[in-house]
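Colleague: What follows is model-v4.txt, compact mmCIF, C-alpha atoms.
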# COMPACT_ATOMS: atom_id res chain seq x y z
CA MET A 1 0.00 0.00 0.00
CA ALA A 2 1.13 3.55 -0.67
CA ARG A 3 2.36 5.55 2.27
CA LEU A 4 0.35 8.44 3.66
CA SER A 5 2.40 11.60 3.09
CA VAL A 6 1.96 14.33 5.70
CA LEU A 7 3.38 17.87 5.60
CA VAL A 8 3.80 19.35 9.09
CA ALA A 9 4.15 23.16 9.28
CA VAL A 10 5.14 24.27 12.79
CA GLN A 11 7.39 26.64 14.70
CA ARG A 12 11.03 25.54 14.67
CA ASP A 13 11.06 24.76 18.42
CA GLN A 14 8.11 22.36 17.95
CA VAL A 15 9.61 20.20 15.22
CA GLU A 16 11.01 17.51 17.52
CA ARG A 17 7.67 17.09 19.30
CA TYR A 18 5.93 16.28 16.05
CA ARG A 19 8.71 14.04 14.79
CA ALA A 20 8.62 12.11 18.06
CA HIS A 21 4.87 11.52 18.00
CA LEU A 22 3.90 11.08 14.35
CA PRO A 23 6.28 8.59 12.69
CA LYS A 24 5.09 5.70 14.88
CA GLU A 25 3.73 3.69 12.01
CA GLU A 26 5.31 2.80 8.68
CA GLY A 27 2.17 3.89 6.88
CA ILE A 28 2.87 7.58 7.58
CA GLU A 29 5.69 9.62 6.09
CA VAL A 30 6.28 13.04 7.68
CA THR A 31 7.97 16.11 6.19
CA THR A 32 8.38 19.19 8.40
CA VAL A 33 8.72 22.86 7.44
CA THR A 34 8.97 25.89 9.72
CA SER A 35 7.60 28.88 7.82
CA GLU A 36 4.77 29.98 5.56
CA GLU A 37 7.25 30.55 2.74
CA LYS A 38 8.50 26.98 2.98
CA VAL A 39 4.93 25.66 2.94
CA ARG A 40 4.21 27.49 -0.29
CA ASP A 41 7.51 26.46 -1.87
CA ILE A 42 7.24 22.74 -1.11
CA LEU A 43 3.60 22.51 -2.20
CA ALA A 44 4.51 24.20 -5.48
CA ALA A 45 7.39 21.81 -6.17
CA PRO A 46 6.36 19.10 -8.68
CA GLU A 47 8.49 16.43 -7.03
CA TYR A 48 6.38 16.52 -3.85
CA ALA A 49 2.84 15.25 -3.30
CA PHE A 50 1.14 15.35 0.09
CA ASP A 51 -2.10 13.83 1.33
CA VAL A 52 -2.41 15.90 4.52
CA ILE A 53 -1.04 19.19 5.85
CA VAL A 54 -0.86 19.76 9.60
CA ILE A 55 -0.36 23.42 10.46
CA GLU A 56 0.04 25.24 13.77
CA ALA A 57 -2.30 28.17 14.34
CA SER A 58 0.62 30.31 15.56
CA LEU A 59 2.78 29.83 12.46
CA CYS A 60 1.28 32.56 10.29
CA ASN A 61 -2.01 33.92 8.96
CA VAL A 62 -3.38 30.40 8.63
CA PRO A 63 -6.79 31.21 7.04
CA GLU A 64 -5.08 33.14 4.26
CA LEU A 65 -2.47 30.41 3.72
CA LEU A 66 -5.09 27.66 3.63
CA ARG A 67 -7.21 29.65 1.19
CA ASP A 68 -4.29 29.78 -1.25
CA VAL A 69 -3.15 26.21 -0.56
CA GLN A 70 -6.61 24.72 -1.08
CA ARG A 71 -7.11 26.69 -4.30
CA ASP A 72 -3.96 25.18 -5.80
CA ASN A 73 -4.18 21.77 -4.06
CA PRO A 74 -7.90 20.94 -3.79
CA ALA A 75 -7.29 17.32 -2.77
CA LEU A 76 -5.03 18.25 0.16
CA LEU A 77 -6.54 17.55 3.58
CA ALA A 78 -5.80 20.17 6.26
CA ILE A 79 -5.65 19.82 10.05
CA LEU A 80 -5.23 22.91 12.22
CA VAL A 81 -3.42 22.56 15.56
CA ASP A 82 -4.32 25.15 18.18
CA GLU A 83 -3.00 24.09 21.59
CA GLY A 84 -3.82 27.47 23.13
CA ALA A 85 -7.55 27.01 22.71
CA ASP A 86 -9.92 25.11 24.99
CA PHE A 87 -12.36 24.97 22.10
CA ALA A 88 -11.88 26.02 18.50
CA LEU A 89 -13.44 25.65 15.06
CA PRO A 90 -11.40 24.35 12.11
CA GLY A 91 -12.34 27.24 9.81
CA ARG A 92 -10.87 26.44 6.39
CA ALA A 93 -9.24 23.27 7.72
CA HIS A 94 -10.97 19.90 7.54
CA ASP A 95 -10.35 19.21 11.23
CA ILE A 96 -8.73 20.72 14.32
CA SER A 97 -6.74 19.37 17.25
CA THR A 98 -6.34 21.32 20.50
CA ASP A 99 -4.40 18.53 22.24
CA PRO A 100 -2.48 16.81 19.43
CA PHE A 101 -0.33 14.43 21.43
CA HIS A 102 -2.79 13.27 24.10
CA ASN A 103 -3.84 9.71 23.27
CA ASP A 104 -2.40 10.22 19.77
CA ASP A 105 -5.20 12.67 18.96
CA LEU A 106 -3.46 14.16 15.92
CA LEU A 107 -2.45 10.77 14.53
CA LYS A 108 -6.03 9.51 14.85
CA ARG A 109 -7.40 12.58 13.06
CA ILE A 110 -4.92 12.16 10.20
CA LYS A 111 -5.90 8.53 9.72
CA ARG A 112 -9.63 9.22 9.99
CA LEU A 113 -9.51 11.96 7.35
CA ALA A 114 -7.44 9.74 5.06
CA GLU A 115 -9.90 6.86 5.44
CA GLU A 116 -12.83 9.15 4.67
CA ARG A 117 -11.05 10.46 1.58
CA ARG A 118 -10.38 6.92 0.32
CA LEU A 119 -14.07 6.17 0.75
CA GLU A 120 -14.99 9.23 -1.31
CA THR A 121 -12.67 8.28 -4.17
CA LEU A 122 -14.08 4.81 -4.71
CA ARG A 123 -16.71 4.57 -7.43
CA ALA A 124 -20.31 4.08 -6.34
CA ASP A 125 -20.58 0.68 -8.04
CA GLU A 126 -17.53 -0.56 -6.14
CA LEU A 127 -19.08 0.50 -2.84
CA ALA A 128 -22.20 -1.61 -3.39
CA PRO A 129 -20.65 -4.81 -1.91
CA VAL A 130 -19.43 -2.84 1.12
CA ARG A 131 -22.88 -1.33 1.69
CA SER A 132 -24.41 -4.79 1.39
CA PHE A 133 -21.91 -6.17 3.90
CA ALA A 134 -22.63 -3.29 6.29
CA ARG A 135 -26.32 -4.22 6.27
CA HIS A 136 -25.55 -7.89 6.89
CA ILE A 137 -23.13 -7.23 9.71
CA ARG A 138 -25.61 -4.99 11.51
CA LYS A 139 -28.07 -7.89 11.49
CA ALA A 140 -25.49 -10.48 12.56
CA SER A 141 -25.61 -11.69 16.14
CA GLY A 142 -22.60 -11.92 18.44
CA GLY A 143 -19.81 -14.46 18.55
CA VAL A 144 -18.32 -15.50 15.22
CA SER A 145 -21.28 -14.37 13.09
CA LYS A 146 -19.82 -10.92 12.34
CA PRO A 147 -16.38 -12.23 11.25
CA GLU A 148 -18.16 -14.92 9.20
CA ALA A 149 -20.22 -12.22 7.46
CA ALA A 150 -17.00 -10.37 6.64
CA VAL A 151 -15.35 -13.49 5.23
CA ILE A 152 -18.41 -14.25 3.08
CA ALA A 153 -18.44 -10.67 1.77
CA ILE A 154 -14.75 -10.92 0.84
CA SER A 155 -15.27 -14.24 -0.93
CA ASP A 156 -18.08 -12.62 -2.92
CA LEU A 157 -15.56 -10.03 -4.13
CA GLY A 158 -13.81 -12.75 -6.09
CA TYR A 159 -11.21 -14.10 -3.66
CA ASP A 160 -10.29 -17.78 -3.64
CA TYR A 161 -9.49 -17.73 0.07
CA ALA A 162 -10.56 -15.37 2.84
CA GLY A 163 -9.86 -15.60 6.56
CA TYR A 164 -10.23 -13.49 9.67
CA TYR A 165 -7.60 -13.99 12.35
CA ALA A 166 -8.24 -12.49 15.80
CA VAL A 167 -5.29 -11.35 17.89
CA ASP A 168 -5.06 -12.17 21.59
CA TRP A 169 -3.03 -9.46 23.30
CA SER A 170 -3.61 -10.94 26.78
CA VAL A 171 -1.06 -13.71 26.35
CA ASP A 172 2.71 -13.37 26.13
CA PRO A 173 3.67 -13.54 23.36
CA PRO A 174 0.46 -12.44 21.58
CA ARG A 175 -1.02 -14.96 19.14
CA LEU A 176 -3.49 -15.17 16.28
CA THR A 177 -6.55 -17.43 16.23
CA VAL A 178 -8.50 -18.37 13.10
CA VAL A 179 -12.09 -17.26 13.71
CA ALA A 180 -13.64 -17.58 10.25
CA GLN A 181 -12.40 -18.65 6.82
CA ARG A 182 -13.62 -19.75 3.40
CA GLY A 183 -11.67 -21.46 0.65
CA PRO A 184 -10.50 -24.83 -0.64
CA ALA A 185 -10.94 -27.65 1.88
CA ARG A 186 -7.24 -28.55 1.73
CA VAL A 187 -6.32 -25.01 2.81
CA LEU A 188 -8.92 -24.83 5.57
CA HIS A 189 -7.78 -28.15 7.04
CA ALA A 190 -4.10 -27.19 6.88
CA THR A 191 -4.49 -23.78 8.55
CA PRO A 192 -3.40 -23.94 12.22
CA ALA A 193 -6.15 -22.87 14.62
CA GLN A 194 -3.59 -20.73 16.46
CA GLN A 195 -0.33 -19.25 15.28
CA PRO A 196 2.28 -16.80 16.55
CA LEU A 197 2.04 -13.08 15.81
CA ASP A 198 4.78 -13.06 13.20
CA GLY A 199 5.32 -13.08 9.45
CA LEU A 200 3.05 -11.10 7.16
CA LEU A 201 -0.01 -11.23 9.43
CA GLY A 202 1.97 -10.20 12.50
CA TRP A 203 3.56 -7.29 10.64
CA VAL A 204 0.21 -6.00 9.40
CA VAL A 205 -1.42 -6.24 12.85
CA THR A 206 1.55 -4.59 14.56
CA ASN A 207 1.98 -1.76 12.05
CA GLY A 208 -1.67 -1.24 11.12
CA VAL A 209 -0.84 -1.09 7.40
CA ALA A 210 -2.25 -3.31 4.64
CA ARG A 211 0.18 -5.22 2.40
CA ILE A 212 -0.13 -6.96 -0.94
CA VAL A 213 2.33 -9.80 -1.59
CA GLY A 214 3.22 -12.03 -4.51
CA PRO A 215 5.28 -15.21 -4.93
CA ASN A 216 8.58 -13.30 -5.09
CA ASP A 217 8.10 -11.44 -1.79
CA ALA A 218 10.44 -12.96 0.77
CA SER A 219 8.34 -11.52 3.60
CA GLY A 220 5.07 -12.78 2.12
CA HIS A 221 2.69 -15.50 3.29
CA THR A 222 3.27 -19.25 3.04
CA LEU A 223 0.05 -19.70 1.04
CA VAL A 224 1.72 -17.65 -1.69
CA THR A 225 5.38 -18.55 -1.29
CA ASP A 226 4.44 -22.27 -1.31
CA GLY A 227 2.50 -21.79 -4.55
CA VAL A 228 -1.00 -22.48 -3.19
CA PHE A 229 -2.15 -19.05 -4.41
CA GLY A 230 -0.58 -16.47 -6.68
CA SER A 231 -1.15 -13.35 -4.59
CA ALA A 232 -2.46 -12.26 -1.20
CA VAL A 233 -3.43 -9.15 0.71
CA ALA A 234 -3.49 -8.71 4.48
CA VAL A 235 -5.52 -5.89 6.05
CA PRO A 236 -5.62 -4.86 9.73
CA VAL A 237 -8.98 -4.87 11.49
CA GLY A 238 -9.12 -1.85 13.79
CA VAL A 239 -7.10 1.36 13.89
CA ASN A 240 -6.64 2.27 17.54
CA LEU A 241 -7.66 -1.10 18.96
CA ARG A 242 -6.40 -3.88 16.69
CA PHE A 243 -8.83 -6.78 16.74
CA GLY A 244 -7.00 -8.84 14.18
CA VAL A 245 -6.25 -9.18 10.48
CA ILE A 246 -8.01 -10.24 7.29
CA LEU A 247 -6.08 -12.38 4.81
CA ALA A 248 -7.45 -12.75 1.26
CA CYS A 249 -5.85 -14.69 -1.62
CA ARG A 250 -6.36 -15.13 -5.35
CA ASP A 251 -5.03 -17.80 -7.67
CA GLY A 252 -3.41 -15.44 -10.16
CA ALA A 253 -0.12 -13.65 -9.64
CA ASP A 254 -0.48 -9.85 -9.51
CA ALA A 255 -4.25 -10.41 -9.24
CA ILE A 256 -4.71 -7.95 -6.35
CA SER A 257 -4.48 -4.20 -6.91
CA GLY A 258 -4.22 -1.25 -4.55
CA GLU A 259 -7.89 -0.53 -5.22
CA ASP A 260 -8.74 -4.12 -4.22
CA ALA A 261 -6.89 -3.58 -0.94
CA MET A 262 -8.83 -0.35 -0.35
CA MET A 263 -12.08 -2.27 -0.73
CA LEU A 264 -10.93 -4.76 1.88
CA GLU A 265 -9.93 -1.90 4.17
CA LEU A 266 -13.52 -0.67 4.00
CA VAL A 267 -14.81 -4.14 4.90
CA ALA A 268 -12.26 -4.30 7.74
CA ALA A 269 -13.39 -0.89 9.02
CA GLN A 270 -17.02 -2.07 9.09
CA LEU A 271 -16.01 -5.23 10.93
CA ALA A 272 -13.89 -3.30 13.43
CA ALA A 273 -16.76 -0.92 14.19
CA ALA A 274 -19.11 -3.86 14.76
CA LEU A 275 -16.62 -5.64 17.02
CA ALA A 276 -16.02 -2.45 19.00
CA ALA A 277 -19.76 -1.95 19.51
CA GLU A 278 -20.10 -5.57 20.59
CA ALA A 279 -17.26 -5.11 23.11
CA ARG A 280 -18.90 -1.99 24.55
CA GLU A 281 -22.21 -3.81 25.00
CA SER A 282 -20.41 -6.70 26.66
CA GLN A 283 -18.79 -4.35 29.18
CA LYS A 284 -22.17 -2.86 30.10
CA SER A 285 -23.71 -6.23 30.93
For this file, produce the structure as structure tokens.
Modeller:
Amino acid sequence: MARLSVLVAVQRDQVERYRAHLPKEEGIEVTTVTSEEKVRDILAAPEYAFDVIVIEASLCNVPELLRDVQRDNPALLAILVDEGADFALPGRAHDISTDPFHNDDLLKRIKRLAEERRLETLRADELAPVRSFARHIRKASGGVSKPEAAVIAISDLGYDYAGYYAVDWSVDPPRLTVVAQRGPARVLHATPAQQPLDGLLGWVVTNGVARIVGPNDASGHTLVTDGVFGSAVAVPVGVNLRFGVILACRDGADAISGEDAMMLELVAAQLAAALAAEARESQKS
């Protein structure tokens, strides 16, 4: 999956704070600048392309800068940081953070905006299976029914194997458990019920970033490297609380695109929301 490129525009004495808090995950690439002039210069340079700009309210005349930036870069998402305010409105920005480093507030806002933008860019006909899955998962009861609904939805998207692996963080070391899967009988019977949090699935759960692998990827999955399938994609389920990982495979090599992975990320987001709601209800009872 492509990295999420973030431009951070802050006062020079704040640079280290942002560098220390933001690059926690490999899915985010951070570039910092320390003046309005540098913001304008880097956004005008053809060799750079950013998904999100994070800008401190104290850096300059932010409304004027954002007006110009958004005119020339309409796809750029903007987050305003105003730590001096108890409450503030984002104005021209898409979102605002008044406490950026408490509970990773800024990081969460960046990821939420990026997820919403990915949803907007998918064509309506591609979203139909996700909408259908969302309806089914809302009707599904507790236990394994929600993961099973997700696996069925993924299979219906044309995958030859689909599995949901839940992660158990309460044990040391953490481990993955197969909760639901669909595919050839020989694969289902050979899949261990429990496995260590390592390899491709462990990396995706730990880093929270989807990955597509083929037969030549040394850090791929055994179902692909052993020639059972030609390609695979692993997608984390949950952003802040990682419930587990979805693994989906197709017979053909290079048969999974970045857009395919985005579709699975939408399914994973629906599943994560349902699992989170189920957990909250369980805590109440």
Colleague: So, counting all atoms listed in the file, which residue among A:Tyr161, A:Asp104, A:Asp260, A:Arg186 is closest to Gly230 of chain A?
Modeller: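 Selected residue with least distance to Gly230 of chain A: A:Tyr161.
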Colleague: So, counting only C-alpha atoms, which residue among A:Asp251, A:Glu56, A:Asp72, A:Glu37 is closest to Val15 of chain A?
Modeller: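 Closest to Val15 of chain A of all the choices is A:Glu56.
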Colleague: Counting only C-alpha atoms, select every polymer residue within 9 Å of (-6.4, 5.9, 13.0) as defined in the file's coordinates, and provide the selection as a ChimeraX atom specification.
Modeller: /A:104,107-115,208,238-240
Colleague: Considering all atoms listed in the file, state which residue in the set A:Gly91, A:Pro192, A:Pro236, A:Pro74 is at the smallest distance from Leu43 of chain A.
Modeller: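 The closest residue to Leu43 of chain A is A:Pro74.
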Colleague: What separation in Å, quoted to one decimal, exists between atom CA of Ala276 of chain A and atom CA of Arg135 of chain A?
Modeller: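 Here the two named atoms are 16.5 Å from each other.
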Colleague: I need the residue nearest Ala255 of chain A from this list: A:Ala232, A:Ala180, A:Ile137, A:Val54. Use all atoms listed in the file for the distance.
Modeller: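 With all atoms listed in the file as the atom set, the closest residue is A:Ala232.
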Colleague: In file coordinates, which residues lie within 6 Å of (-8.2, -18.0, 13.2) using all atoms listed in the file, given as a ChimeraX atom specification?
Modeller: /A:165,177-179,193
Colleague: One decimal, Å: what's the distance from atom CA of Asp198 of chain A over to atom CA of Gly258 of chain A, could you say?
Modeller: 23.1 Å
Colleague: Just want the 7 Å neighbourhood of Leu80 of chain A, counted on all atoms listed in the file, with same-chain residues fewer than 4 positions away dropped. Output as a list in words.
Modeller: Val54, Ile55, Glu56, Ala57, Pro90, Ala93, Asp95, Ile96 and Ser97 of chain A
Colleague: Determine the nearest neighbour of Pro46 of chain A from the options A:Ile154, A:Asn73, A:Gly252, A:Val81, counting only C-alpha atoms.
Modeller: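 Counting only C-alpha atoms, the residue closest to Pro46 of chain A is A:Asn73.
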Colleague: Pick from A:Tyr48, A:Ile79, A:Gln14, A:Ser231: nearest to Pro63 of chain A, with only C-alpha atoms counted?
Modeller: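 Between A:Tyr48, A:Ile79, A:Gln14, A:Ser231, the residue approaching Pro63 of chain A most closely is A:Ile79.
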Colleague: Atom CA of Val205 of chain A to atom CA of Phe133 of chain A: how many Å, to one decimal?
Modeller: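 Atom CA of Val205 of chain A sits 22.4 Å away from atom CA of Phe133 of chain A.
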Colleague: Excluding Gly163 of chain A and any residue of its chain fewer than 6 positions from it, enumerate the residues within 7 Å of it, using all atoms listed in the file, and give them as a list of chain:residue names.
Modeller: A:Val151, A:Ala180, A:Gln181, A:Arg182, A:Ile246, A:Leu247, A:Ala248
Colleague: Could you list, as a count of residues only, every residue within 9 Å of Ile152 of chain A, counting all atoms listed in the file and ignoring same-chain residues fewer than 3 positions away?
Modeller: 10
